[in-house]
file input37.cif (mmCIF, C-alpha atoms and all ligand atoms)
data_coords
loop_
_atom_site.label_atom_id
_atom_site.label_comp_id
_atom_site.auth_asym_id
_atom_site.auth_seq_id
_atom_site.Cartn_x
_atom_site.Cartn_y
_atom_site.Cartn_z
CA MET S 1 44.98 17.35 8.88
CA SER S 2 41.19 17.65 9.31
CA ASP S 3 39.36 17.43 12.64
CA GLN S 4 38.03 14.05 11.54
CA ASP S 5 41.56 12.67 11.14
CA GLU S 6 42.48 13.68 14.67
CA ILE S 7 39.74 11.62 16.28
CA ILE S 8 40.91 8.18 17.36
CA LEU S 9 37.71 6.18 17.67
CA SER S 10 39.15 3.55 19.99
CA GLU S 11 40.05 6.24 22.53
CA LEU S 12 36.44 7.46 22.87
CA ASN S 13 34.18 6.10 25.57
CA ASP S 14 31.00 4.29 24.54
CA GLU S 15 28.79 7.37 24.60
CA GLU S 16 31.28 9.56 22.74
CA LEU S 17 31.85 6.83 20.17
CA THR S 18 28.12 6.38 19.59
CA LEU S 19 27.71 10.13 19.02
CA GLN S 20 30.77 10.16 16.77
CA MET S 21 29.24 7.33 14.75
CA HIS S 22 26.07 9.37 14.28
CA ASP S 23 28.30 12.15 12.86
CA ASP S 24 30.26 9.70 10.71
CA LEU S 25 27.05 8.22 9.33
CA TYR S 26 25.82 11.73 8.61
CA ASP S 27 29.08 12.41 6.75
CA GLY S 28 28.85 9.08 4.89
CA LEU S 29 32.14 7.75 6.28
CA GLY S 30 31.85 4.01 5.73
CA GLU S 31 35.32 3.05 6.98
CA GLU S 32 34.77 4.87 10.26
CA ILE S 33 31.36 3.20 10.66
CA VAL S 34 32.97 -0.21 10.15
CA GLU S 35 35.68 0.64 12.68
CA GLY S 36 33.21 1.99 15.25
CA THR S 37 30.95 -1.03 14.83
CA ASN S 38 33.88 -3.37 15.45
CA ILE S 39 35.04 -1.39 18.48
CA LEU S 40 31.59 -1.51 20.13
CA LEU S 41 31.29 -5.24 19.43
CA GLY S 42 34.78 -5.71 20.88
CA ARG S 43 33.62 -3.93 24.04
CA GLY S 44 30.89 -6.50 24.48
CA TRP S 45 27.94 -4.64 22.92
CA GLY S 46 25.37 -6.99 21.41
CA PRO S 47 24.80 -6.59 17.65
CA ASP S 48 21.21 -5.44 18.26
CA LYS S 49 22.40 -2.66 20.58
CA VAL S 50 25.02 -1.48 18.06
CA LEU S 51 22.36 -1.55 15.35
CA ASP S 52 19.76 0.40 17.34
CA GLU S 53 21.89 2.92 19.21
CA ALA S 54 24.70 3.63 16.74
CA LEU S 55 23.31 2.93 13.26
CA VAL S 56 19.50 3.24 13.26
CA GLU S 57 19.60 6.31 15.53
CA GLY S 58 22.22 7.90 13.24
CA MET S 59 20.04 7.23 10.22
CA ARG S 60 17.05 8.74 12.01
CA ILE S 61 19.00 12.01 12.33
CA VAL S 62 19.94 11.85 8.63
CA GLY S 63 16.24 11.37 7.84
CA ILE S 64 15.24 14.50 9.76
CA ASP S 65 17.75 16.69 7.91
CA PHE S 66 16.77 15.12 4.57
CA ARG S 67 13.15 15.98 5.30
CA ASP S 68 14.10 19.53 6.26
CA GLY S 69 16.11 20.11 3.09
CA ILE S 70 19.47 20.29 4.88
CA LEU S 71 20.75 17.08 3.29
CA PHE S 72 20.13 16.03 -0.32
CA VAL S 73 19.98 12.72 -2.19
CA PRO S 74 23.76 12.36 -2.82
CA GLU S 75 24.61 12.89 0.86
CA VAL S 76 21.84 10.56 1.98
CA LEU S 77 23.08 7.90 -0.42
CA LEU S 78 26.54 8.14 1.11
CA ALA S 79 25.00 7.83 4.57
CA ALA S 80 22.97 4.84 3.40
CA ASN S 81 26.10 3.15 2.06
CA ALA S 82 27.95 3.78 5.32
CA MET S 83 25.00 2.29 7.21
CA LYS S 84 25.08 -0.76 4.95
CA ALA S 85 28.81 -1.24 5.61
CA GLY S 86 28.06 -1.42 9.34
CA MET S 87 25.06 -3.69 8.79
CA GLU S 88 27.21 -6.16 6.83
CA ILE S 89 29.31 -6.74 9.95
CA LEU S 90 26.23 -7.21 12.11
CA ARG S 91 24.35 -9.45 9.65
CA PRO S 92 26.05 -12.78 10.52
CA LEU S 93 25.93 -11.98 14.23
CA LEU S 94 22.20 -11.24 14.16
CA ALA S 95 21.56 -14.38 12.14
CA GLU S 96 23.63 -16.71 14.35
CA THR S 97 21.14 -19.35 15.40
CA GLY S 98 22.60 -22.41 13.70
CA ALA S 99 19.19 -24.08 13.76
CA GLU S 100 17.09 -25.43 10.87
CA PRO S 101 14.95 -22.68 9.30
CA ILE S 102 11.60 -22.36 11.07
CA GLY S 103 9.94 -21.03 7.93
CA LYS S 104 10.54 -19.25 4.65
CA ILE S 105 9.79 -15.67 3.62
CA VAL S 106 10.03 -13.84 0.31
CA ILE S 107 10.58 -10.13 0.89
CA GLY S 108 11.05 -7.14 -1.39
CA THR S 109 10.53 -3.41 -1.80
CA VAL S 110 7.61 -2.57 -4.10
CA LYS S 111 7.68 -1.18 -7.62
CA GLY S 112 8.84 2.42 -7.95
CA ASP S 113 10.65 2.37 -4.62
CA ILE S 114 14.40 1.97 -4.18
CA HIS S 115 14.62 2.28 -0.38
CA ASP S 116 16.09 -0.90 1.03
CA ILE S 117 17.79 -0.22 4.35
CA GLY S 118 14.70 -1.00 6.44
CA LYS S 119 13.83 -4.01 4.32
CA ASN S 120 17.39 -5.33 4.69
CA LEU S 121 17.15 -4.90 8.44
CA VAL S 122 13.88 -6.81 8.50
CA GLY S 123 15.55 -9.57 6.50
CA MET S 124 18.40 -9.74 9.00
CA MET S 125 16.07 -9.89 11.98
CA LEU S 126 14.04 -12.63 10.33
CA GLU S 127 17.23 -14.59 9.62
CA GLY S 128 18.15 -14.08 13.26
CA ALA S 129 14.75 -15.46 14.27
CA GLY S 130 15.47 -18.59 12.21
CA PHE S 131 13.73 -17.86 8.89
CA GLU S 132 15.12 -18.56 5.45
CA VAL S 133 14.89 -15.19 3.71
CA ILE S 134 14.61 -14.77 -0.04
CA ASP S 135 15.29 -11.12 -0.73
CA LEU S 136 14.01 -9.78 -4.04
CA GLY S 137 15.69 -6.41 -3.59
CA ILE S 138 14.05 -3.17 -4.70
CA ASN S 139 11.54 -1.92 -7.27
CA ASN S 140 9.56 -5.15 -7.58
CA PRO S 141 6.58 -5.34 -9.93
CA VAL S 142 3.82 -7.78 -9.10
CA GLU S 143 5.29 -10.29 -11.59
CA ALA S 144 8.52 -10.50 -9.58
CA TYR S 145 6.60 -11.37 -6.41
CA LEU S 146 4.48 -13.96 -8.24
CA GLU S 147 7.53 -15.60 -9.80
CA ALA S 148 9.31 -15.80 -6.45
CA LEU S 149 6.25 -17.22 -4.68
CA GLU S 150 5.95 -19.87 -7.37
CA GLU S 151 9.64 -20.73 -7.27
CA HIS S 152 10.32 -20.68 -3.52
CA LYS S 153 6.92 -21.63 -2.08
CA PRO S 154 7.44 -19.57 1.09
CA ASP S 155 5.20 -19.40 4.16
CA LEU S 156 5.23 -15.61 4.16
CA LEU S 157 5.41 -12.67 1.79
CA GLY S 158 6.86 -9.38 3.07
CA MET S 159 6.59 -6.06 1.28
CA SER S 160 8.30 -2.79 2.07
CA ALA S 161 7.48 0.76 0.90
CA LEU S 162 8.95 4.04 2.09
CA LEU S 163 7.08 6.45 -0.16
CA THR S 164 3.46 7.53 0.09
CA THR S 165 3.39 7.21 -3.71
CA THR S 166 4.53 3.56 -3.72
CA MET S 167 2.69 2.15 -0.71
CA PRO S 168 -0.61 1.71 -2.63
CA TYR S 169 1.21 -0.80 -4.85
CA MET S 170 0.99 -3.30 -2.00
CA LYS S 171 -2.73 -3.49 -2.70
CA VAL S 172 -2.01 -4.22 -6.37
CA VAL S 173 0.09 -7.21 -5.32
CA ILE S 174 -2.43 -8.51 -2.77
CA ASP S 175 -5.36 -8.04 -5.16
CA THR S 176 -3.46 -9.99 -7.82
CA LEU S 177 -2.90 -12.83 -5.34
CA LYS S 178 -6.65 -12.78 -4.64
CA GLU S 179 -7.52 -12.83 -8.35
CA LYS S 180 -5.28 -15.85 -8.80
CA GLY S 181 -6.89 -17.58 -5.81
CA ILE S 182 -3.58 -17.87 -3.93
CA ARG S 183 -3.90 -15.05 -1.39
CA ASP S 184 -4.53 -17.40 1.52
CA ASP S 185 -1.54 -19.58 0.70
CA TYR S 186 0.70 -16.95 2.28
CA ILE S 187 0.91 -14.82 5.38
CA VAL S 188 1.36 -11.30 4.02
CA LEU S 189 3.28 -8.77 6.12
CA VAL S 190 3.77 -5.14 5.16
CA GLY S 191 5.98 -2.41 6.57
CA GLY S 192 7.72 0.90 5.95
CA ALA S 193 7.82 4.31 7.59
CA PRO S 194 4.66 5.84 6.02
CA LEU S 195 2.43 2.82 6.75
CA ASN S 196 0.25 2.10 9.76
CA GLU S 197 -2.06 -0.64 11.04
CA GLU S 198 -5.07 0.87 9.31
CA PHE S 199 -3.30 0.88 5.97
CA GLY S 200 -2.17 -2.72 6.44
CA ALA S 201 -5.76 -3.78 7.08
CA ALA S 202 -7.09 -1.68 4.18
CA VAL S 203 -4.80 -3.32 1.62
CA GLY S 204 -5.65 -6.78 2.93
CA ALA S 205 -2.36 -7.71 4.59
CA ASP S 206 -2.29 -10.10 7.55
CA ALA S 207 -0.26 -7.63 9.56
CA TYR S 208 1.51 -4.29 9.49
CA CYS S 209 4.92 -4.40 11.20
CA ARG S 210 6.19 -1.20 12.78
CA ASP S 211 9.85 -2.26 12.79
CA ALA S 212 12.19 -5.14 12.16
CA ALA S 213 11.83 -6.63 15.63
CA VAL S 214 8.03 -6.55 15.35
CA ALA S 215 8.30 -8.13 11.88
CA ALA S 216 10.29 -11.07 13.31
CA GLU S 217 7.89 -11.52 16.24
CA THR S 218 4.81 -11.23 14.02
CA ALA S 219 6.18 -13.69 11.46
CA GLN S 220 6.83 -16.26 14.19
CA ALA S 221 3.47 -15.73 15.89
CA LEU S 222 1.35 -15.86 12.72
CA LEU S 223 3.21 -18.88 11.35
CA ALA S 224 2.80 -20.76 14.64
CA LYS S 225 -0.93 -19.91 14.64
CA ARG S 226 -1.35 -21.05 11.04
CA ARG S 227 0.44 -24.34 11.72
CA LEU S 228 -1.67 -24.96 14.80
CA LEU S 229 -4.88 -24.37 12.83
CA ALA S 230 -3.64 -26.66 10.04
CA SER S 231 -2.84 -29.44 12.52
CA GLU S 232 -6.29 -29.11 14.13
CA ASP S 233 -7.93 -29.36 10.69
CA ALA S 234 -5.90 -32.43 9.76
CO1 LIG K 1 14.21 8.71 0.51
N1 LIG K 1 12.54 9.44 1.24
N2 LIG K 1 13.76 9.35 -1.19
N3 LIG K 1 15.97 8.10 0.07
N4 LIG K 1 14.59 8.46 2.42
C1 LIG K 1 12.26 9.11 2.70
C2 LIG K 1 11.45 7.83 2.81
C3 LIG K 1 11.43 10.40 3.13
C4 LIG K 1 10.45 10.15 4.27
C5 LIG K 1 12.42 11.54 3.44
C6 LIG K 1 11.73 12.79 3.91
O1 LIG K 1 11.26 13.55 3.11
N5 LIG K 1 11.71 12.97 5.20
C7 LIG K 1 10.73 10.80 1.77
C8 LIG K 1 9.35 10.17 1.53
C9 LIG K 1 8.24 11.17 1.68
C10 LIG K 1 6.93 10.59 1.34
O2 LIG K 1 6.75 9.65 0.63
N6 LIG K 1 5.93 11.22 1.90
C11 LIG K 1 11.77 10.34 0.77
C12 LIG K 1 11.83 10.80 -0.57
C13 LIG K 1 10.87 11.91 -0.95
C14 LIG K 1 12.75 10.28 -1.51
C15 LIG K 1 12.91 10.68 -2.98
C16 LIG K 1 11.60 10.85 -3.76
C17 LIG K 1 13.79 11.92 -3.00
C18 LIG K 1 14.02 12.53 -4.36
O3 LIG K 1 14.51 11.90 -5.26
N7 LIG K 1 13.62 13.78 -4.44
C19 LIG K 1 13.73 9.48 -3.55
C20 LIG K 1 12.81 8.34 -4.02
C21 LIG K 1 13.54 7.25 -4.75
C22 LIG K 1 12.64 6.06 -5.01
O4 LIG K 1 12.48 5.22 -4.16
N8 LIG K 1 12.06 6.00 -6.19
C23 LIG K 1 14.47 9.06 -2.31
C24 LIG K 1 15.73 8.48 -2.34
C25 LIG K 1 16.43 8.11 -1.23
C26 LIG K 1 17.88 7.63 -1.28
C27 LIG K 1 18.20 6.78 -2.52
C28 LIG K 1 18.78 8.84 -1.25
C29 LIG K 1 18.02 6.87 0.09
C30 LIG K 1 17.68 5.37 0.02
C31 LIG K 1 18.92 4.53 0.06
C32 LIG K 1 18.58 3.07 0.32
O5 LIG K 1 17.60 2.71 0.94
N9 LIG K 1 19.45 2.24 -0.18
C33 LIG K 1 16.88 7.53 0.89
C34 LIG K 1 16.80 7.46 2.31
C35 LIG K 1 17.96 6.81 3.02
C36 LIG K 1 15.70 7.98 3.01
C37 LIG K 1 15.50 8.16 4.53
C38 LIG K 1 16.37 9.37 4.92
C39 LIG K 1 15.87 7.02 5.44
C40 LIG K 1 15.15 5.71 5.14
C41 LIG K 1 15.80 4.66 5.98
O6 LIG K 1 16.66 3.93 5.50
N10 LIG K 1 15.44 4.63 7.29
C42 LIG K 1 13.94 8.44 4.63
C43 LIG K 1 13.57 9.32 5.81
C44 LIG K 1 13.03 8.52 6.96
O7 LIG K 1 12.44 7.47 6.82
N11 LIG K 1 13.23 9.03 8.13
C45 LIG K 1 13.59 8.81 3.24
C46 LIG K 1 16.06 3.73 8.25
C47 LIG K 1 15.32 2.39 8.24
C48 LIG K 1 15.96 1.50 9.30
O8 LIG K 1 13.97 2.63 8.59
O9 LIG K 1 13.15 2.19 6.24
O10 LIG K 1 11.55 3.00 8.04
P1 LIG K 1 12.72 2.21 7.67
O11 LIG K 1 12.46 0.68 8.04
C49 LIG K 1 11.99 0.27 9.31
C50 LIG K 1 10.46 0.19 9.40
O12 LIG K 1 9.79 1.06 8.56
C51 LIG K 1 10.15 -1.26 9.17
O13 LIG K 1 11.28 -1.91 9.73
C52 LIG K 1 12.45 -1.16 9.42
C53 LIG K 1 13.51 -1.40 10.45
O14 LIG K 1 13.06 -1.22 11.76
N12 LIG K 1 9.99 -1.79 7.80
C54 LIG K 1 9.36 -2.97 7.57
C55 LIG K 1 10.46 -1.32 6.62
N13 LIG K 1 10.14 -2.16 5.64
C56 LIG K 1 9.47 -3.20 6.18
C57 LIG K 1 8.93 -4.33 5.60
C58 LIG K 1 8.29 -5.24 6.42
C59 LIG K 1 8.18 -5.03 7.80
C60 LIG K 1 8.71 -3.89 8.39
O15 LIG K 1 7.81 -6.35 5.79
C61 LIG K 1 7.43 -7.42 6.50
#
call {"tool": "encode", "arguments": {"input": "input37.cif", "output": "structure tokens"}}
result
Amino acid sequence: MSDQDEIILSELNDEELTLQMHDDLYDGLGEEIVEGTNILLGRGWGPDKVLDEALVEGMRIVGIDFRDGILFVPEVLLAANAMKAGMEILRPLLAETGAEPIGKIVIGTVKGDIHDIGKNLVGMMLEGAGFEVIDLGINNPVEAYLEALEEHKPDLLGMSALLTTTMPYMKVVIDTLKEKGIRDDYIVLVGGAPLNEEFGAAVGADAYCRDAAVAAETAQALLAKRRLLASEDA
């Protein structure tokens, strides 16, 4: 029997369980992540606290060792899948508002980039804030964004990029919207670990969002502002 088998998650206290979940995420153990997530929720933890302290923090540690060449793509993929298994449990809880959508957003990771954990989190937080979220997934060329904007007529467009090589593609999308004369029909939000405010402004986005919570707040604030301006003009 391995050490892992001997650990009974439900017998750990909150702090031990959180640390164990960081290890389990690191080891890509999806079933254990699901179990730990359910245990913390059962102990009265809010879904946002489980997400931040158990899952996102665990993924941050994975990221450091990936950067330092201690972990490689296959291990990180397993960790990502374990994280997703936990996020699937939290998704409905984070989205539980029951109210009519306050607005609509199309969101997707840009062409050449297959990172989607952060983008999925942003989608969940936006759902939780009352938005209808149309998720285009990963590796989206400009045509995919244009098609979705045409089809869904959202209030906002969100783009995610995790690579320094793919982040410039956001400008390609925004410039295409400008060329087509539809840039101002949408509030454009951008995000992803390598971006910053300066970059967001340089590519012509309405805002750069540091994390999922900021994305939800910014979407609400900019949409409210736009609606107020529209009602004053009317
Ligand atoms: Co990749 N990867 N990866 N990776 N990966 C990074 C990004 C990297 C920083 C790792 C490192 O070296 N430290 C590095 C990029 C370096 C750079 O560009 N300078 C890197 C690399 C190099 C690569 C490959 C090229 C590796 C290779 O093949 N040699 C390759 C590229 C593949 C491709 O995309 N074409 C690759 C592949 C992968 C995996 C497939 C193994 C896996 C992705 C699995 C998946 O997503 N389904 C993976 C992962 C998991 C990571 C790290 C470890 C974790 C990313 C993550 O999920 N973070 C990452 C290291 C790191 O970031 N620390 C790394 C957790 C997530 C919650 O945070 O995504 O930042 P984040 O999202 C946040 C905010 O940024 C913001 O809100 C989110 C939630 O708070 N946000 C938005 C994100 N999108 C937003 C959109 C918005 C608003 C806010 O719109 C409105």
call {"tool": "residues_near_ligand", "arguments": {"input": "input37.cif", "ligand": "ligand LIG 1 (chain K)", "cutoff": "7 Å", "atoms": "only C-alpha atoms and all ligand atoms", "output": "PyMOL selection string"}}
result
chain S and resi 56+59-60+62-64+66-67+73-74+76-77+80+107+112-119+121-122+158-165+189-194+208-213+215
call {"tool": "closest_residue", "arguments": {"input": "input37.cif", "among": "S:Val173, S:Val214, S:Gly28, S:Glu35", "to": "Leu71 in chain S", "atoms": "only C-alpha atoms"}}
result
S:Gly28
call {"tool": "residues_around", "arguments": {"input": "input37.cif", "residues": "Asp27 in chain S", "least_positions_apart": "5", "cutoff": "9 Å", "atoms": "all atoms listed in the file", "output": "list in words"}}
result
His22, Glu75, Val76, Leu78, Ala79 and Ala82 of chain S
call {"tool": "closest_residue", "arguments": {"input": "input37.cif", "among": "S:Ile187, S:Glu15, S:Leu90, S:Ala205", "to": "Lys225 in chain S", "atoms": "all atoms listed in the file"}}
result
S:Ile187
call {"tool": "atom_distance", "arguments": {"input": "input37.cif", "atom1": "CA of Ile102 in chain S", "atom2": "CA of Glu151 in chain S"}}
result
18.5 Å
call {"tool": "closest_atom_pairs", "arguments": {"input": "input37.cif", "of": "range 65-171 of chain S", "to": "range 37-45 of chain S", "cutoff": "9 Å", "atoms": "all atoms listed in the file", "output": "JSON lines"}}
result
{"residue": "S:Gly86", "atom": "CA", "partner": "S:Thr37", "partner_atom": "CA", "distance": 6.2}
{"residue": "S:Met87", "atom": "CA", "partner": "S:Thr37", "partner_atom": "CA", "distance": 8.8}
{"residue": "S:Ile89", "atom": "CA", "partner": "S:Thr37", "partner_atom": "CA", "distance": 7.7}
{"residue": "S:Leu90", "atom": "CA", "partner": "S:Thr37", "partner_atom": "CA", "distance": 8.2}
call {"tool": "write_last_selection", "arguments": {"input": "input37.cif", "atoms": "C-alpha atoms", "output": "tab-separated table (two decimals), in the frame of the given file"}}
result
chain	number	residue	atom	x	y	z
S	86	GLY	CA	28.06	-1.42	9.34
S	87	MET	CA	25.06	-3.69	8.79
S	89	ILE	CA	29.31	-6.74	9.95
S	90	LEU	CA	26.23	-7.21	12.11
call {"tool": "atom_distance", "arguments": {"input": "input37.cif", "atom1": "CA of Ala129 in chain S", "atom2": "CA of Asp155 in chain S"}}
result
14.5 Å
call {"tool": "residues_near_point", "arguments": {"input": "input37.cif", "point": "(12.4, -28.4, 4.5)", "cutoff": "12 Å", "atoms": "all atoms listed in the file", "output": "list in words"}}
result
Glu100, Pro101, Ile102, Gly103, Lys104, Phe131, Glu132, His152, Lys153, Pro154 and Asp155 of chain S
call {"tool": "atom_distance", "arguments": {"input": "input37.cif", "atom1": "CA of Leu93 in chain S", "atom2": "CA of Leu17 in chain S"}}
result
20.6 Å
call {"tool": "closest_residue", "arguments": {"input": "input37.cif", "among": "S:Val133, S:Glu217, S:Val106, S:Ala144", "to": "Val188 in chain S", "atoms": "all atoms listed in the file"}}
result
S:Val106
call {"tool": "residues_near_point", "arguments": {"input": "input37.cif", "point": "(-3.6, -10.6, 3.2)", "cutoff": "10 Å", "atoms": "all atoms listed in the file", "output": "PyMOL selection string"}}
result
chain S and resi 157+171+173-175+177-178+183-190+200-207
call {"tool": "closest_residue", "arguments": {"input": "input37.cif", "among": "S:Thr109, S:Ile182, S:Asp24, S:Met167", "to": "Asn196 in chain S", "atoms": "all atoms listed in the file"}}
result
S:Met167
call {"tool": "decode", "arguments": {"input": "input37.cif", "residues": "range 68-79 of chain S", "atoms": "N, CA, C and O atoms", "output": "short mmCIF file (atom, residue, chain, number, x, y, z; two decimals), in the first residue's frame"}}
result
data_model
loop_
_atom_site.label_atom_id
_atom_site.label_comp_id
_atom_site.auth_asym_id
_atom_site.auth_seq_id
_atom_site.Cartn_x
_atom_site.Cartn_y
_atom_site.Cartn_z
N ASP S 68 10.36 25.97 -13.47
CA ASP S 68 11.73 25.63 -13.08
C ASP S 68 12.21 24.30 -13.65
O ASP S 68 13.27 23.79 -13.27
N GLY S 69 11.39 23.69 -14.51
CA GLY S 69 11.82 22.46 -15.18
C GLY S 69 11.77 21.24 -14.29
O GLY S 69 12.40 20.22 -14.57
N ILE S 70 11.01 21.32 -13.19
CA ILE S 70 10.87 20.16 -12.30
C ILE S 70 9.69 19.29 -12.78
O ILE S 70 9.73 18.07 -12.71
N LEU S 71 8.65 19.96 -13.26
CA LEU S 71 7.51 19.26 -13.85
C LEU S 71 7.50 19.49 -15.35
O LEU S 71 7.92 20.55 -15.81
N PHE S 72 6.96 18.53 -16.09
CA PHE S 72 6.89 18.66 -17.55
C PHE S 72 5.44 18.59 -18.03
O PHE S 72 4.54 18.31 -17.23
N VAL S 73 5.24 18.83 -19.33
CA VAL S 73 3.89 18.94 -19.88
C VAL S 73 2.96 17.80 -19.43
O VAL S 73 1.84 18.06 -18.99
N PRO S 74 3.36 16.52 -19.54
CA PRO S 74 2.41 15.46 -19.17
C PRO S 74 1.93 15.57 -17.72
O PRO S 74 0.75 15.41 -17.44
N GLU S 75 2.86 15.88 -16.81
CA GLU S 75 2.46 16.01 -15.40
C GLU S 75 1.54 17.21 -15.21
O GLU S 75 0.56 17.15 -14.46
N VAL S 76 1.86 18.29 -15.91
CA VAL S 76 1.05 19.51 -15.74
C VAL S 76 -0.36 19.29 -16.33
O VAL S 76 -1.33 19.78 -15.80
N LEU S 77 -0.42 18.50 -17.38
CA LEU S 77 -1.74 18.18 -17.95
C LEU S 77 -2.57 17.38 -16.95
O LEU S 77 -3.77 17.64 -16.80
N LEU S 78 -1.93 16.44 -16.27
CA LEU S 78 -2.66 15.66 -15.26
C LEU S 78 -3.15 16.58 -14.15
O LEU S 78 -4.28 16.48 -13.69
N ALA S 79 -2.27 17.50 -13.74
CA ALA S 79 -2.66 18.45 -12.68
C ALA S 79 -3.83 19.30 -13.17
O ALA S 79 -4.79 19.55 -12.43
#
